>>> print(open('final-v9.pdb').read())   # PDB, C-alpha atoms
ATOM      1  CA  MET A   1      13.650 111.809 137.700
ATOM      2  CA  ALA A   2      11.209 111.843 134.806
ATOM      3  CA  SER A   3      12.532 110.579 131.527
ATOM      4  CA  SER A   4      13.647 113.537 129.465
ATOM      5  CA  THR A   5      16.408 114.505 127.131
ATOM      6  CA  PRO A   6      19.538 116.239 128.393
ATOM      7  CA  GLN A   7      20.084 119.661 126.889
ATOM      8  CA  ASP A   8      23.710 118.690 126.269
ATOM      9  CA  ARG A   9      23.491 115.946 123.648
ATOM     10  CA  ARG A  10      27.219 115.302 123.252
ATOM     11  CA  PRO A  11      28.257 111.659 123.650
ATOM     12  CA  LEU A  12      29.118 110.446 127.136
ATOM     13  CA  VAL A  13      32.529 108.860 127.564
ATOM     14  CA  ILE A  14      32.509 106.763 130.723
ATOM     15  CA  SER A  15      35.766 105.274 131.915
ATOM     16  CA  GLY A  16      37.234 103.648 134.992
ATOM     17  CA  PRO A  17      38.949 100.466 136.106
ATOM     18  CA  SER A  18      37.528  97.074 135.272
ATOM     19  CA  GLY A  19      35.227  96.106 138.137
ATOM     20  CA  ALA A  20      34.424  99.694 139.202
ATOM     21  CA  GLY A  21      30.768  99.313 138.204
ATOM     22  CA  LYS A  22      30.710 101.263 134.941
ATOM     23  CA  GLY A  23      28.536  98.724 133.156
ATOM     24  CA  THR A  24      25.972  98.615 135.952
ATOM     25  CA  LEU A  25      25.716 102.409 136.125
ATOM     26  CA  ILE A  26      25.462 102.737 132.344
ATOM     27  CA  GLN A  27      22.707 100.123 132.192
ATOM     28  CA  LYS A  28      20.777 101.878 134.987
ATOM     29  CA  LEU A  29      20.966 105.153 133.018
ATOM     30  CA  ILE A  30      19.771 103.483 129.809
ATOM     31  CA  ASP A  31      16.965 101.627 131.624
ATOM     32  CA  ALA A  32      15.784 104.775 133.432
ATOM     33  CA  HIS A  33      15.762 106.847 130.239
ATOM     34  CA  PRO A  34      14.653 104.646 127.339
ATOM     35  CA  ASN A  35      14.878 106.207 123.888
ATOM     36  CA  THR A  36      17.518 108.668 125.104
ATOM     37  CA  PHE A  37      20.842 106.786 125.320
ATOM     38  CA  GLU A  38      22.508 103.832 123.629
ATOM     39  CA  LEU A  39      25.767 102.135 124.479
ATOM     40  CA  THR A  40      28.215 101.771 121.623
ATOM     41  CA  VAL A  41      29.129  98.128 121.085
ATOM     42  CA  SER A  42      32.914  97.895 120.939
ATOM     43  CA  HIS A  43      34.933  95.522 118.820
ATOM     44  CA  THR A  44      37.297  93.156 120.628
ATOM     45  CA  THR A  45      39.624  90.311 119.828
ATOM     46  CA  ARG A  46      39.098  88.636 123.212
ATOM     47  CA  GLN A  47      36.998  85.519 123.608
ATOM     48  CA  PRO A  48      33.401  85.914 124.850
ATOM     49  CA  ARG A  49      32.751  85.303 128.535
ATOM     50  CA  SER A  50      29.845  83.144 129.630
ATOM     51  CA  GLY A  51      26.560  84.855 128.775
ATOM     52  CA  GLU A  52      28.060  87.432 126.410
ATOM     53  CA  LYS A  53      26.491  87.711 122.966
ATOM     54  CA  ASP A  54      28.179  88.832 119.773
ATOM     55  CA  GLY A  55      26.825  92.174 118.574
ATOM     56  CA  ILE A  56      25.295  92.945 121.994
ATOM     57  CA  SER A  57      28.114  92.623 124.526
ATOM     58  CA  TYR A  58      30.863  93.204 121.956
ATOM     59  CA  HIS A  59      31.566  92.564 118.328
ATOM     60  CA  PHE A  60      33.898  89.573 118.802
ATOM     61  CA  VAL A  61      36.297  89.567 115.865
ATOM     62  CA  SER A  62      39.589  88.029 114.806
ATOM     63  CA  VAL A  63      42.822  89.992 115.038
ATOM     64  CA  GLU A  64      42.868  90.119 111.223
ATOM     65  CA  THR A  65      39.368  91.614 111.035
ATOM     66  CA  TYR A  66      40.205  94.108 113.761
ATOM     67  CA  ASN A  67      43.424  95.184 112.052
ATOM     68  CA  THR A  68      41.596  95.650 108.744
ATOM     69  CA  LEU A  69      38.997  97.864 110.417
ATOM     70  CA  LYS A  70      41.770  99.875 112.059
ATOM     71  CA  SER A  71      43.903 100.254 108.928
ATOM     72  CA  ASN A  72      40.842 101.422 106.967
ATOM     73  CA  GLY A  73      40.300 104.263 109.467
ATOM     74  CA  GLY A  74      37.130 102.675 110.830
ATOM     75  CA  LEU A  75      37.954 103.089 114.520
ATOM     76  CA  LEU A  76      37.378 106.212 116.607
ATOM     77  CA  GLU A  77      39.676 104.807 119.290
ATOM     78  CA  ASP A  78      41.473 101.561 120.000
ATOM     79  CA  ALA A  79      43.701 100.012 122.604
ATOM     80  CA  MET A  80      45.270  96.784 123.738
ATOM     81  CA  TYR A  81      44.152  95.702 127.187
ATOM     82  CA  THR A  82      45.398  92.539 128.955
ATOM     83  CA  GLY A  83      46.557  91.099 125.641
ATOM     84  CA  ASP A  84      43.425  91.779 123.584
ATOM     85  CA  PHE A  85      42.406  94.632 121.281
ATOM     86  CA  TYR A  86      39.366  96.803 121.972
ATOM     87  CA  GLY A  87      37.988  99.623 119.842
ATOM     88  CA  THR A  88      34.956 101.755 119.047
ATOM     89  CA  SER A  89      33.992 101.825 115.398
ATOM     90  CA  LYS A  90      32.924 105.056 113.750
ATOM     91  CA  ALA A  91      30.042 103.150 112.135
ATOM     92  CA  ALA A  92      28.660 102.113 115.554
ATOM     93  CA  LEU A  93      28.705 105.733 116.693
ATOM     94  CA  ALA A  94      27.061 106.964 113.468
ATOM     95  CA  ALA A  95      24.275 104.380 113.811
ATOM     96  CA  ILE A  96      23.395 105.739 117.266
ATOM     97  CA  PHE A  97      23.407 109.349 116.039
ATOM     98  CA  ASP A  98      21.143 108.271 113.145
ATOM     99  CA  LYS A  99      18.590 107.079 115.735
ATOM    100  CA  GLN A 100      18.720 110.534 117.395
ATOM    101  CA  LEU A 101      20.087 108.932 120.577
ATOM    102  CA  ILE A 102      23.000 110.003 122.773
ATOM    103  CA  PRO A 103      25.911 107.560 122.475
ATOM    104  CA  ILE A 104      27.615 106.246 125.589
ATOM    105  CA  LEU A 105      31.170 105.004 125.147
ATOM    106  CA  ASP A 106      32.527 102.672 127.832
ATOM    107  CA  ILE A 107      36.234 102.895 127.069
ATOM    108  CA  GLU A 108      39.515 102.585 128.898
ATOM    109  CA  MET A 109      42.212 105.185 129.474
ATOM    110  CA  THR A 110      44.112 104.831 126.196
ATOM    111  CA  GLY A 111      40.886 105.305 124.260
ATOM    112  CA  VAL A 112      39.888 108.283 126.401
ATOM    113  CA  LYS A 113      43.193 109.971 125.611
ATOM    114  CA  GLN A 114      42.666 109.333 121.880
ATOM    115  CA  VAL A 115      39.142 110.744 121.677
ATOM    116  CA  LYS A 116      39.905 113.684 123.967
ATOM    117  CA  ILE A 117      42.439 115.071 121.482
ATOM    118  CA  ASP A 118      40.289 114.360 118.394
ATOM    119  CA  PRO A 119      39.109 117.820 117.248
ATOM    120  CA  GLU A 120      36.119 116.280 115.452
ATOM    121  CA  PHE A 121      34.815 114.424 118.512
ATOM    122  CA  GLU A 122      33.177 116.465 121.271
ATOM    123  CA  ALA A 123      32.011 114.610 124.368
ATOM    124  CA  ARG A 124      31.516 114.768 128.118
ATOM    125  CA  TYR A 125      33.855 112.654 130.248
ATOM    126  CA  VAL A 126      33.036 110.727 133.431
ATOM    127  CA  PHE A 127      35.378 108.556 135.477
ATOM    128  CA  ILE A 128      33.904 105.880 137.758
ATOM    129  CA  LYS A 129      36.193 104.849 140.585
ATOM    130  CA  PRO A 130      35.858 102.269 143.354
ATOM    131  CA  ARG A 131      36.131 103.288 146.998
ATOM    132  CA  ASP A 132      39.552 101.602 147.050
ATOM    133  CA  LEU A 133      41.601  98.935 145.307
ATOM    134  CA  ASP A 134      40.668  96.246 147.841
ATOM    135  CA  VAL A 135      37.009  96.553 146.850
ATOM    136  CA  LEU A 136      38.001  96.440 143.193
ATOM    137  CA  GLU A 137      40.063  93.286 143.738
ATOM    138  CA  GLN A 138      37.126  91.605 145.512
ATOM    139  CA  ARG A 139      34.817  92.438 142.587
ATOM    140  CA  LEU A 140      37.290  91.133 140.001
ATOM    141  CA  ARG A 141      37.889  87.905 141.899
ATOM    142  CA  GLY A 142      34.169  87.518 142.568
ATOM    143  CA  ARG A 143      33.455  87.409 138.836
ATOM    144  CA  GLY A 144      35.393  84.161 138.520
ATOM    145  CA  THR A 145      35.966  84.852 134.827
ATOM    146  CA  GLU A 146      39.684  85.546 134.609
ATOM    147  CA  SER A 147      43.036  84.029 135.367
ATOM    148  CA  GLU A 148      45.195  85.258 138.253
ATOM    149  CA  GLU A 149      47.555  86.796 135.699
ATOM    150  CA  LYS A 150      44.747  88.858 134.120
ATOM    151  CA  ILE A 151      43.388  89.918 137.528
ATOM    152  CA  LEU A 152      46.828  91.179 138.552
ATOM    153  CA  ALA A 153      47.198  92.975 135.212
ATOM    154  CA  ARG A 154      43.785  94.621 135.686
ATOM    155  CA  LEU A 155      44.713  95.741 139.218
ATOM    156  CA  ASP A 156      48.019  97.186 138.021
ATOM    157  CA  ARG A 157      46.170  99.004 135.232
ATOM    158  CA  ALA A 158      43.566 100.233 137.743
ATOM    159  CA  ARG A 159      46.286 101.868 139.879
ATOM    160  CA  ARG A 160      47.547 103.793 136.852
ATOM    161  CA  GLU A 161      44.021 104.772 135.785
ATOM    162  CA  LEU A 162      43.148 106.066 139.262
ATOM    163  CA  ASP A 163      46.336 108.137 139.349
ATOM    164  CA  PHE A 164      45.597 109.518 135.884
ATOM    165  CA  ALA A 165      41.985 110.404 136.740
ATOM    166  CA  GLU A 166      43.115 112.397 139.756
ATOM    167  CA  THR A 167      45.897 114.379 138.110
ATOM    168  CA  ALA A 168      45.165 114.867 134.440
ATOM    169  CA  GLY A 169      42.018 116.994 134.607
ATOM    170  CA  PHE A 170      40.592 115.020 131.697
ATOM    171  CA  PHE A 171      37.257 114.264 133.289
ATOM    172  CA  ASP A 172      34.263 116.532 133.719
ATOM    173  CA  ARG A 173      33.125 114.394 136.664
ATOM    174  CA  VAL A 174      34.767 111.763 138.882
ATOM    175  CA  ILE A 175      32.228 109.573 140.688
ATOM    176  CA  VAL A 176      33.147 107.264 143.561
ATOM    177  CA  ASN A 177      31.044 104.106 143.307
ATOM    178  CA  ASP A 178      31.029 103.098 146.969
ATOM    179  CA  ASP A 179      27.214 103.087 147.041
ATOM    180  CA  LEU A 180      25.501 102.178 143.753
ATOM    181  CA  GLU A 181      22.369 104.285 144.226
ATOM    182  CA  ARG A 182      24.288 107.370 145.325
ATOM    183  CA  ALA A 183      26.755 106.966 142.430
ATOM    184  CA  TYR A 184      23.842 106.600 140.007
ATOM    185  CA  VAL A 185      22.137 109.760 141.265
ATOM    186  CA  ASP A 186      25.444 111.633 140.863
ATOM    187  CA  LEU A 187      25.818 110.328 137.287
ATOM    188  CA  GLU A 188      22.220 111.153 136.365
ATOM    189  CA  ARG A 189      22.430 114.663 137.826
ATOM    190  CA  PHE A 190      25.632 115.323 135.870
ATOM    191  CA  VAL A 191      24.197 113.957 132.608
ATOM    192  CA  PHE A 192      21.041 116.065 132.901
ATOM    193  CA  GLY A 193      22.911 119.205 134.015
ATOM    194  CA  LEU A 194      21.248 119.393 137.409
ATOM    195  CA  ASP A 195      24.344 120.403 139.347
TER     196      ASP A 195
END
>>> encode(input="final-v9.pdb", output="structure tokens")
Amino acid sequence: MASSTPQDRRPLVISGPSGAGKGTLIQKLIDAHPNTFELTVSHTTRQPRSGEKDGISYHFVSVETYNTLKSNGGLLEDAMYTGDFYGTSKAALAAIFDKQLIPILDIEMTGVKQVKIDPEFEARYVFIKPRDLDVLEQRLRGRGTESEEKILARLDRARRELDFAETAGFFDRVIVNDDLERAYVDLERFVFGLD
């Protein structure tokens, strides 16, 4: 597909369980369409993983800094996930709009629920799901970045997210990521209004 701009320029909210391949699909979309999309960089209180860079992967902040941002109304959405806070700042979103780009928000279910009911925030919603939980567990364990306790918490959360995605009608598109290229084509076609 030639690089072009989608007619629908609302932000893209992409959600799904940890390990479902959201980040890979988002990066493929950004790489294939430079100067069209930009991923919002979330704030988090968790520690950086190996290879993550502050301001690129996340804004890694203290709990105090995070709470100040939240209490000052600076967050569009926020949630606690496996013991750490995550949130999207309104300033990060505004900076992307200022560049005339389409923001992509990679957020989890609590955040999706918050932005979906915000009358001032209009977006399109995509849920990325794995073929099944066994595949998801293999991906999470294959990362080698988290404790058994956090892996089990992520799997428990994934079960609830998958149930929610199927029943709530929140999402404009649910994409099964059992084949990366096929899932990417489905995402791209949705984003560009080709089906």
>>> residues_around(input="final-v9.pdb", residues="Phe170 (chain A)", least_positions_apart="2", cutoff="10 Å", atoms="only C-alpha atoms", output="PDB file with C-alpha atoms, in the frame of the given file")
ATOM      1  CA  VAL A 112      39.888 108.283 126.401  1.00  0.00           C
ATOM      2  CA  LYS A 113      43.193 109.971 125.611  1.00  0.00           C
ATOM      3  CA  LYS A 116      39.905 113.684 123.967  1.00  0.00           C
ATOM      4  CA  ARG A 124      31.516 114.768 128.118  1.00  0.00           C
ATOM      5  CA  TYR A 125      33.855 112.654 130.248  1.00  0.00           C
ATOM      6  CA  VAL A 126      33.036 110.727 133.431  1.00  0.00           C
ATOM      7  CA  PHE A 127      35.378 108.556 135.477  1.00  0.00           C
ATOM      8  CA  PHE A 164      45.597 109.518 135.884  1.00  0.00           C
ATOM      9  CA  ALA A 165      41.985 110.404 136.740  1.00  0.00           C
ATOM     10  CA  GLU A 166      43.115 112.397 139.756  1.00  0.00           C
ATOM     11  CA  THR A 167      45.897 114.379 138.110  1.00  0.00           C
ATOM     12  CA  ALA A 168      45.165 114.867 134.440  1.00  0.00           C
ATOM     13  CA  ASP A 172      34.263 116.532 133.719  1.00  0.00           C
ATOM     14  CA  ARG A 173      33.125 114.394 136.664  1.00  0.00           C
ATOM     15  CA  VAL A 174      34.767 111.763 138.882  1.00  0.00           C
TER      16      VAL A 174
END
>>> resolve_selection(input="final-v9.pdb", expression="the PyMOL selection byres ((chain A and resi 43) around 7)", output="list in words")
Val41, Ser42, Thr44, Tyr58, His59, Phe60, Val61, Tyr86, Gly87 and Thr88 of chain A
>>> closest_residue(input="final-v9.pdb", among="A:Glu38, A:Glu52, A:Asp178, A:Asp156", to="Ala92 (chain A)", atoms="only C-alpha atoms")
A:Glu38
>>> residues_around(input="final-v9.pdb", residues="region 96-102 of chain A", least_positions_apart="3", cutoff="7 Å", atoms="all atoms listed in the file", output="VMD selection string")
chain A and resid 9 to 11 35 to 38 92 to 93
>>> atom_distance(input="final-v9.pdb", atom1="CA of Lys129 (chain A)", atom2="CA of Arg160 (chain A)")
12.0 Å
>>> resolve_selection(input="final-v9.pdb", expression="the PyMOL selection byres ((chain A and resi 185-194) around 9)", output="VMD selection string")
chain A and resid 1 4 to 8 12 25 29 124 126 172 to 173 175 180 to 184 195
>>> atom_distance(input="final-v9.pdb", atom1="CA of Gln114 (chain A)", atom2="CA of Glu77 (chain A)")
6.0 Å
>>> residues_around(input="final-v9.pdb", residues="region 131-146 of chain A", least_positions_apart="4", cutoff="7 Å", atoms="all atoms listed in the file", output="VMD selection string")
chain A and resid 19 to 20 150 to 151 155 176 to 178
>>> atom_distance(input="final-v9.pdb", atom1="CA of Ala94 (chain A)", atom2="CA of Thr40 (chain A)")
9.7 Å
>>> resolve_selection(input="final-v9.pdb", expression="the PyMOL selection byres ((chain A and resi 16) around 7)", output="ChimeraX atom specification")
/A:15,17-18,20,22,108,127-129,161
>>> closest_residue(input="final-v9.pdb", among="A:Asp78, A:Asp163, A:Glu122, A:Asp84", to="Pro48 (chain A)", atoms="all atoms listed in the file")
A:Asp84
>>> residues_around(input="final-v9.pdb", residues="Gly74 (chain A)", least_positions_apart="6", cutoff="8 Å", atoms="only C-alpha atoms", output="list in words")
Ser89, Lys90 and Ala91 of chain A
>>> closest_residue(input="final-v9.pdb", among="A:Ile30, A:Ile117, A:Ala153, A:Pro130", to="Asp179 (chain A)", atoms="only C-alpha atoms")
A:Pro130
